[in-house]
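Below is the file model-v2.tsv, which contains TSV, C-alpha atoms and all ligand atoms.
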chain	number	residue	atom	x	y	z
A	1	MET	CA	144.98	19.59	58.58
A	2	GLY	CA	144.29	23.24	57.94
A	3	PRO	CA	141.01	25.02	57.44
A	4	ILE	CA	140.84	23.69	53.89
A	5	GLU	CA	140.63	19.93	53.48
A	6	GLU	CA	140.62	19.64	49.72
A	7	ILE	CA	141.22	21.97	46.86
A	8	ARG	CA	140.64	21.55	43.17
A	9	VAL	CA	142.09	23.91	40.60
A	10	VAL	CA	139.67	24.38	37.71
A	11	ARG	CA	140.66	25.77	34.35
A	12	LEU	CA	137.97	28.11	33.07
A	13	GLY	CA	138.51	27.85	29.35
A	14	MET	CA	141.86	27.17	27.72
A	15	LEU	CA	145.08	28.38	29.30
A	16	VAL	CA	147.94	29.62	27.14
A	17	LYS	CA	150.21	27.29	29.10
A	18	ASP	CA	148.59	24.94	31.57
A	19	ILE	CA	150.05	25.83	34.96
A	20	SER	CA	147.08	24.41	36.91
A	21	ALA	CA	148.92	21.38	38.29
A	22	GLU	CA	151.90	23.43	39.47
A	23	LEU	CA	149.54	25.97	40.95
A	24	ALA	CA	147.58	23.27	42.77
A	25	GLY	CA	150.82	21.81	44.13
A	26	PHE	CA	152.05	25.10	45.57
A	27	ILE	CA	148.69	26.10	46.99
A	28	SER	CA	147.89	22.75	48.58
A	29	ARG	CA	151.26	22.82	50.31
A	30	ARG	CA	150.54	26.33	51.58
A	31	PHE	CA	147.26	25.18	53.15
A	32	HIS	CA	148.49	21.67	54.07
A	33	CYS	CA	145.47	20.23	52.28
A	34	ARG	CA	144.76	17.52	49.75
A	35	MET	CA	145.02	18.43	46.11
A	36	LEU	CA	142.39	16.92	43.83
A	37	PRO	CA	143.04	16.40	40.12
A	38	THR	CA	142.57	19.54	38.10
A	39	ASP	CA	139.45	20.00	36.06
A	40	THR	CA	138.21	22.12	33.17
A	41	LEU	CA	134.97	24.02	32.76
A	42	PRO	CA	133.95	25.94	29.65
A	43	LEU	CA	133.79	29.70	30.05
A	44	PRO	CA	130.19	30.76	30.53
A	45	ALA	CA	128.61	33.18	28.07
A	46	GLU	CA	127.18	35.11	31.01
A	47	GLY	CA	129.28	38.01	32.15
A	48	TRP	CA	131.45	38.33	29.04
A	49	ASP	CA	131.58	41.92	27.87
A	50	PRO	CA	132.89	42.08	24.29
A	51	GLY	CA	133.06	45.88	24.46
A	52	ARG	CA	135.54	45.95	27.31
A	53	GLU	CA	136.96	42.49	26.47
A	54	GLN	CA	136.59	41.50	30.08
A	55	HIS	CA	134.58	38.97	32.03
A	56	GLN	CA	132.58	39.93	35.08
A	57	ALA	CA	134.25	37.95	37.85
A	58	GLU	CA	130.99	37.18	39.62
A	59	ALA	CA	129.75	35.20	36.60
A	60	LEU	CA	132.80	32.95	36.85
A	61	LEU	CA	132.26	32.46	40.59
A	62	ASP	CA	128.64	31.51	39.85
A	63	CYS	CA	129.82	29.08	37.18
A	64	LEU	CA	132.19	27.38	39.65
A	65	ALA	CA	129.54	27.25	42.37
A	66	ALA	CA	127.02	25.76	39.91
A	67	SER	CA	129.44	22.93	39.11
A	68	GLY	CA	128.57	21.49	42.52
A	69	PRO	CA	131.83	21.15	44.46
A	70	ALA	CA	131.83	18.24	46.91
A	71	PRO	CA	131.34	19.16	50.58
A	72	GLY	CA	134.58	20.45	52.06
A	73	CYS	CA	136.17	20.96	48.67
A	74	PHE	CA	137.28	24.42	47.60
A	75	LEU	CA	137.42	25.33	43.92
A	76	LEU	CA	139.99	27.76	42.57
A	77	GLY	CA	139.21	28.79	39.02
A	78	VAL	CA	142.00	29.93	36.72
A	79	THR	CA	141.30	31.85	33.57
A	80	GLU	CA	143.06	33.82	30.88
A	81	ARG	CA	140.10	36.20	30.80
A	82	ASP	CA	140.72	39.67	32.16
A	83	LEU	CA	138.29	40.18	35.04
A	84	TRP	CA	136.42	43.10	36.47
A	85	LEU	CA	133.93	43.81	39.20
A	86	PRO	CA	131.65	46.81	39.65
A	87	GLY	CA	133.67	49.74	40.95
A	88	MET	CA	136.97	48.34	39.69
A	89	ASN	CA	138.48	48.56	36.22
A	90	TYR	CA	140.07	45.17	36.63
A	91	VAL	CA	140.76	42.62	39.32
A	92	PHE	CA	143.45	39.95	39.57
A	93	GLY	CA	140.94	37.66	41.21
A	94	ALA	CA	137.74	37.41	43.16
A	95	ALA	CA	136.28	35.23	45.87
A	96	GLN	CA	133.05	34.54	47.66
A	97	PRO	CA	133.72	35.53	51.27
A	98	HIS	CA	133.08	32.48	53.43
A	99	GLY	CA	132.26	30.60	50.23
A	100	ARG	CA	134.20	27.80	48.60
A	101	VAL	CA	134.81	29.25	45.17
A	102	ALA	CA	137.41	31.73	44.02
A	103	VAL	CA	138.89	32.71	40.69
A	104	ILE	CA	142.14	34.25	39.49
A	105	SER	CA	142.97	35.80	36.14
A	106	LEU	CA	146.31	35.19	34.46
A	107	ALA	CA	145.76	38.05	32.02
A	108	ARG	CA	147.80	40.68	33.89
A	109	LEU	CA	150.30	38.43	35.65
A	110	ARG	CA	152.77	37.98	32.79
A	111	GLU	CA	155.68	40.33	32.30
A	112	GLU	CA	154.84	40.39	28.59
A	113	PHE	CA	151.58	42.17	29.40
A	114	TYR	CA	153.68	45.17	30.45
A	115	GLY	CA	156.04	44.96	27.48
A	116	ARG	CA	158.81	43.26	29.44
A	117	PRO	CA	160.62	39.96	28.71
A	118	ALA	CA	158.84	36.80	29.84
A	119	ASP	CA	159.62	35.48	33.33
A	120	PRO	CA	157.78	32.17	33.77
A	121	LEU	CA	158.84	31.67	37.38
A	122	LEU	CA	157.68	35.14	38.41
A	123	PHE	CA	154.43	34.52	36.53
A	124	LEU	CA	153.81	31.29	38.47
A	125	LEU	CA	154.68	32.94	41.78
A	126	ARG	CA	152.20	35.71	41.08
A	127	ALA	CA	149.48	33.19	40.26
A	128	VAL	CA	150.20	31.31	43.50
A	129	LYS	CA	150.01	34.54	45.51
A	130	GLU	CA	146.73	35.56	43.93
A	131	GLY	CA	145.29	32.09	44.52
A	132	VAL	CA	146.32	32.03	48.19
A	133	HIS	CA	144.93	35.55	48.62
A	134	GLU	CA	141.52	34.64	47.20
A	135	LEU	CA	141.31	31.46	49.25
A	136	GLY	CA	142.10	33.66	52.27
A	137	HIS	CA	138.89	35.54	51.50
A	138	ASN	CA	137.04	32.21	51.28
A	139	LEU	CA	138.32	31.46	54.76
A	140	GLY	CA	136.91	34.70	56.10
A	141	LEU	CA	139.92	36.99	55.94
A	142	GLY	CA	139.52	40.58	54.82
A	143	HIS	CA	142.31	42.77	53.52
A	144	CYS	CA	145.32	43.22	55.77
A	145	GLY	CA	147.28	46.43	56.33
A	146	ASN	CA	150.61	44.58	56.41
A	147	LEU	CA	152.37	45.28	53.09
A	148	ARG	CA	154.15	41.92	53.25
A	149	CYS	CA	151.06	39.88	54.06
A	150	ILE	CA	149.39	37.88	51.33
A	151	MET	CA	146.06	39.47	52.33
A	152	PHE	CA	147.28	42.98	51.48
A	153	PHE	CA	145.08	44.38	48.71
A	154	SER	CA	146.79	44.27	45.30
A	155	ASN	CA	145.81	47.41	43.48
A	156	ALA	CA	148.68	46.90	41.06
A	157	LEU	CA	151.13	44.12	40.33
A	158	THR	CA	153.83	45.91	42.34
A	159	ASP	CA	151.70	45.18	45.42
A	160	THR	CA	151.57	41.49	44.50
A	161	ASP	CA	155.32	41.38	43.92
A	162	ARG	CA	156.09	43.15	47.20
A	163	LYS	CA	154.08	40.87	49.42
A	164	GLY	CA	155.20	37.44	50.51
A	165	PRO	CA	153.40	34.20	49.66
A	166	GLY	CA	152.15	33.68	53.21
A	167	PHE	CA	149.90	35.11	55.91
A	168	CYS	CA	151.17	37.54	58.55
A	169	ASP	CA	150.97	36.47	62.19
A	170	TRP	CA	147.69	38.30	62.68
A	171	CYS	CA	146.00	36.66	59.70
A	172	ARG	CA	147.49	33.30	60.63
A	173	ASP	CA	145.98	33.65	64.12
A	174	VAL	CA	142.58	34.36	62.63
A	175	LEU	CA	142.87	31.29	60.40
A	176	ASP	CA	144.15	29.06	63.19
A	177	GLY	CA	141.54	30.26	65.64
A	178	GLY	CA	138.76	29.83	63.16
A	179	GLN	CA	137.53	33.32	64.02
A	180	ARG	CA	135.48	35.03	61.41
A	181	VAL	CA	135.79	38.72	60.73
A	182	ALA	CA	132.85	40.59	59.31
A	183	LEU	CA	133.11	40.80	55.55
A	184	THR	CA	130.95	42.65	53.12
A	185	GLU	CA	128.43	40.68	51.16
A	186	GLY	CA	129.15	39.85	47.58
A	187	PRO	CA	132.42	38.90	45.98
A	188	PHE	CA	135.73	40.28	47.11
A	189	GLY	CA	137.77	41.74	44.30
A	190	ASP	CA	141.55	41.43	43.78
B	201	ZN	ZN	147.83	39.81	57.30
B	202	ZN	ZN	141.46	40.69	48.16
Here is a file; write its structure as structure tokens.
Amino acid sequence: MGPIEEIRVVRLGMLVKDISAELAGFISRRFHCRMLPTDTLPLPAEGWDPGREQHQAEALLDCLAASGPAPGCFLLGVTERDLWLPGMNYVFGAAQPHGRVAVISLARLREEFYGRPADPLLFLLRAVKEGVHELGHNLGLGHCGNLRCIMFFSNALTDTDRKGPGFCDWCRDVLDGGQRVALTEGPFGD
């Protein structure tokens, strides 16, 4: 059993195509943990900015945390909403460091967003990578300098596509050893 015992993927609002079960399958295998049935929560009104057509990621993390996850259970929210955090125009996801809630946005993960033909498999792979990355923050990992490591910061989708779906040896050691690196307070973006 890894550092995560159970994970539940939670749809925040409607998804264009519901990939939550596939996502949960891939991610639970990555962390060797139990996968709980997926769930849905309505998008909160808090944090929605109609001017920028984006949702403040922290509001979605709060919404997940307020849903009262069972002890030991991690919640990964999935939303179509484009997300942002102070200091960043957009983020692919966000997580509470050392917390048990994280969220990813599907808005910028589709090829169609960039005017290219749809690639459903690539889209799913990107969502898996973003989910694993955010859960890495939950487990106490910061950003990693290894371009191929899942904990490398994704400033753009090219970063996400370049990196692999797993942790580098260094990050893996931190996870296995249960060591905790100092992280900034507040949510981690990307
Ligand atoms: Zn790493
Ligand atoms: Zn990150």
Which residues, written as a list in words, have at least one atom at most 9 Å from Leu83 of chain A, with all atoms listed in the file counted and residues fewer than 5 positions away on the same chain left out?
-> Glu53, Gln54, His55, Gln56, Ala57, Asn89, Tyr90, Val91, Phe92, Gly93, Ala94, Ile104, Ser105 and Ala107 of chain A
Could I get the residues of chain A with an atom no further than 7 Å from an atom of ligand ZN 202 (chain B), each paired with its nearest atom pair and that distance in Å to one decimal, using all atoms listed in the file, sorted by chain and residue number, as CSV?
residue,atom,partner,partner_atom,distance
A:His133,CA,B:ZN202,ZN,6.2
A:Glu134,CA,B:ZN202,ZN,6.1
A:His137,CA,B:ZN202,ZN,6.7
A:Gly142,CA,B:ZN202,ZN,6.9
A:His143,CA,B:ZN202,ZN,5.8
A:Met151,CA,B:ZN202,ZN,6.3
A:Phe153,CA,B:ZN202,ZN,5.2
A:Phe188,CA,B:ZN202,ZN,5.8
A:Gly189,CA,B:ZN202,ZN,5.4
A:Asp190,CA,B:ZN202,ZN,4.4
With only C-alpha atoms as the counted atoms, please give the residues lying no more than 8 Å from Arg8 of chain A, apart from itself and same-chain residues fewer than 4 positions off, as a PDB file with C-alpha atoms, keeping the file's coordinate frame.
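The result, written out as out-v2.pdb:
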ATOM      1  CA  ALA A  24     147.580  23.270  42.770  1.00  0.00           C
ATOM      2  CA  MET A  35     145.020  18.430  46.110  1.00  0.00           C
ATOM      3  CA  LEU A  36     142.390  16.920  43.830  1.00  0.00           C
ATOM      4  CA  PRO A  37     143.040  16.400  40.120  1.00  0.00           C
ATOM      5  CA  THR A  38     142.570  19.540  38.100  1.00  0.00           C
ATOM      6  CA  ASP A  39     139.450  20.000  36.060  1.00  0.00           C
ATOM      7  CA  CYS A  73     136.170  20.960  48.670  1.00  0.00           C
ATOM      8  CA  PHE A  74     137.280  24.420  47.600  1.00  0.00           C
ATOM      9  CA  LEU A  75     137.420  25.330  43.920  1.00  0.00           C
ATOM     10  CA  LEU A  76     139.990  27.760  42.570  1.00  0.00           C
TER      11      LEU A  76
END
Using all atoms listed in the file, can you list as an mmCIF file with C-alpha atoms, in the coordinates of the input the residues within 12 Å of (140.4, 32.0, 55.3)?
data_model
loop_
_atom_site.group_PDB
_atom_site.id
_atom_site.type_symbol
_atom_site.label_atom_id
_atom_site.label_comp_id
_atom_site.auth_asym_id
_atom_site.auth_seq_id
_atom_site.Cartn_x
_atom_site.Cartn_y
_atom_site.Cartn_z
ATOM 1 C CA GLY A 2 144.290 23.240 57.940
ATOM 2 C CA PRO A 3 141.010 25.020 57.440
ATOM 3 C CA ILE A 4 140.840 23.690 53.890
ATOM 4 C CA PHE A 31 147.260 25.180 53.150
ATOM 5 C CA PHE A 74 137.280 24.420 47.600
ATOM 6 C CA ALA A 95 136.280 35.230 45.870
ATOM 7 C CA GLN A 96 133.050 34.540 47.660
ATOM 8 C CA PRO A 97 133.720 35.530 51.270
ATOM 9 C CA HIS A 98 133.080 32.480 53.430
ATOM 10 C CA GLY A 99 132.260 30.600 50.230
ATOM 11 C CA ARG A 100 134.200 27.800 48.600
ATOM 12 C CA VAL A 101 134.810 29.250 45.170
ATOM 13 C CA ALA A 102 137.410 31.730 44.020
ATOM 14 C CA GLY A 131 145.290 32.090 44.520
ATOM 15 C CA VAL A 132 146.320 32.030 48.190
ATOM 16 C CA HIS A 133 144.930 35.550 48.620
ATOM 17 C CA GLU A 134 141.520 34.640 47.200
ATOM 18 C CA LEU A 135 141.310 31.460 49.250
ATOM 19 C CA GLY A 136 142.100 33.660 52.270
ATOM 20 C CA HIS A 137 138.890 35.540 51.500
ATOM 21 C CA ASN A 138 137.040 32.210 51.280
ATOM 22 C CA LEU A 139 138.320 31.460 54.760
ATOM 23 C CA GLY A 140 136.910 34.700 56.100
ATOM 24 C CA LEU A 141 139.920 36.990 55.940
ATOM 25 C CA GLY A 142 139.520 40.580 54.820
ATOM 26 C CA HIS A 143 142.310 42.770 53.520
ATOM 27 C CA ILE A 150 149.390 37.880 51.330
ATOM 28 C CA MET A 151 146.060 39.470 52.330
ATOM 29 C CA PHE A 167 149.900 35.110 55.910
ATOM 30 C CA CYS A 171 146.000 36.660 59.700
ATOM 31 C CA ARG A 172 147.490 33.300 60.630
ATOM 32 C CA ASP A 173 145.980 33.650 64.120
ATOM 33 C CA VAL A 174 142.580 34.360 62.630
ATOM 34 C CA LEU A 175 142.870 31.290 60.400
ATOM 35 C CA ASP A 176 144.150 29.060 63.190
ATOM 36 C CA GLY A 177 141.540 30.260 65.640
ATOM 37 C CA GLY A 178 138.760 29.830 63.160
ATOM 38 C CA GLN A 179 137.530 33.320 64.020
ATOM 39 C CA ARG A 180 135.480 35.030 61.410
ATOM 40 C CA VAL A 181 135.790 38.720 60.730
ATOM 41 C CA LEU A 183 133.110 40.800 55.550
#
Using only C-alpha atoms, collect all residues at a distance of at most 9 Å from (144.5, 26.3, 41.2) as written in the file, then present them as a list in words.
-> Ile7, Arg8, Val9, Val10, Arg11, Ile19, Ser20, Ala21, Glu22, Leu23, Ala24, Gly25, Phe26, Ile27, Ser28, Thr38, Leu75, Leu76, Gly77, Val78, Val103, Ile104, Ala127, Val128 and Gly131 of chain A
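Atom pair atom CA of Trp84 of chain A / atom CA of Leu64 of chain A has a distance of 16.6 Å (rounded to one decimal).
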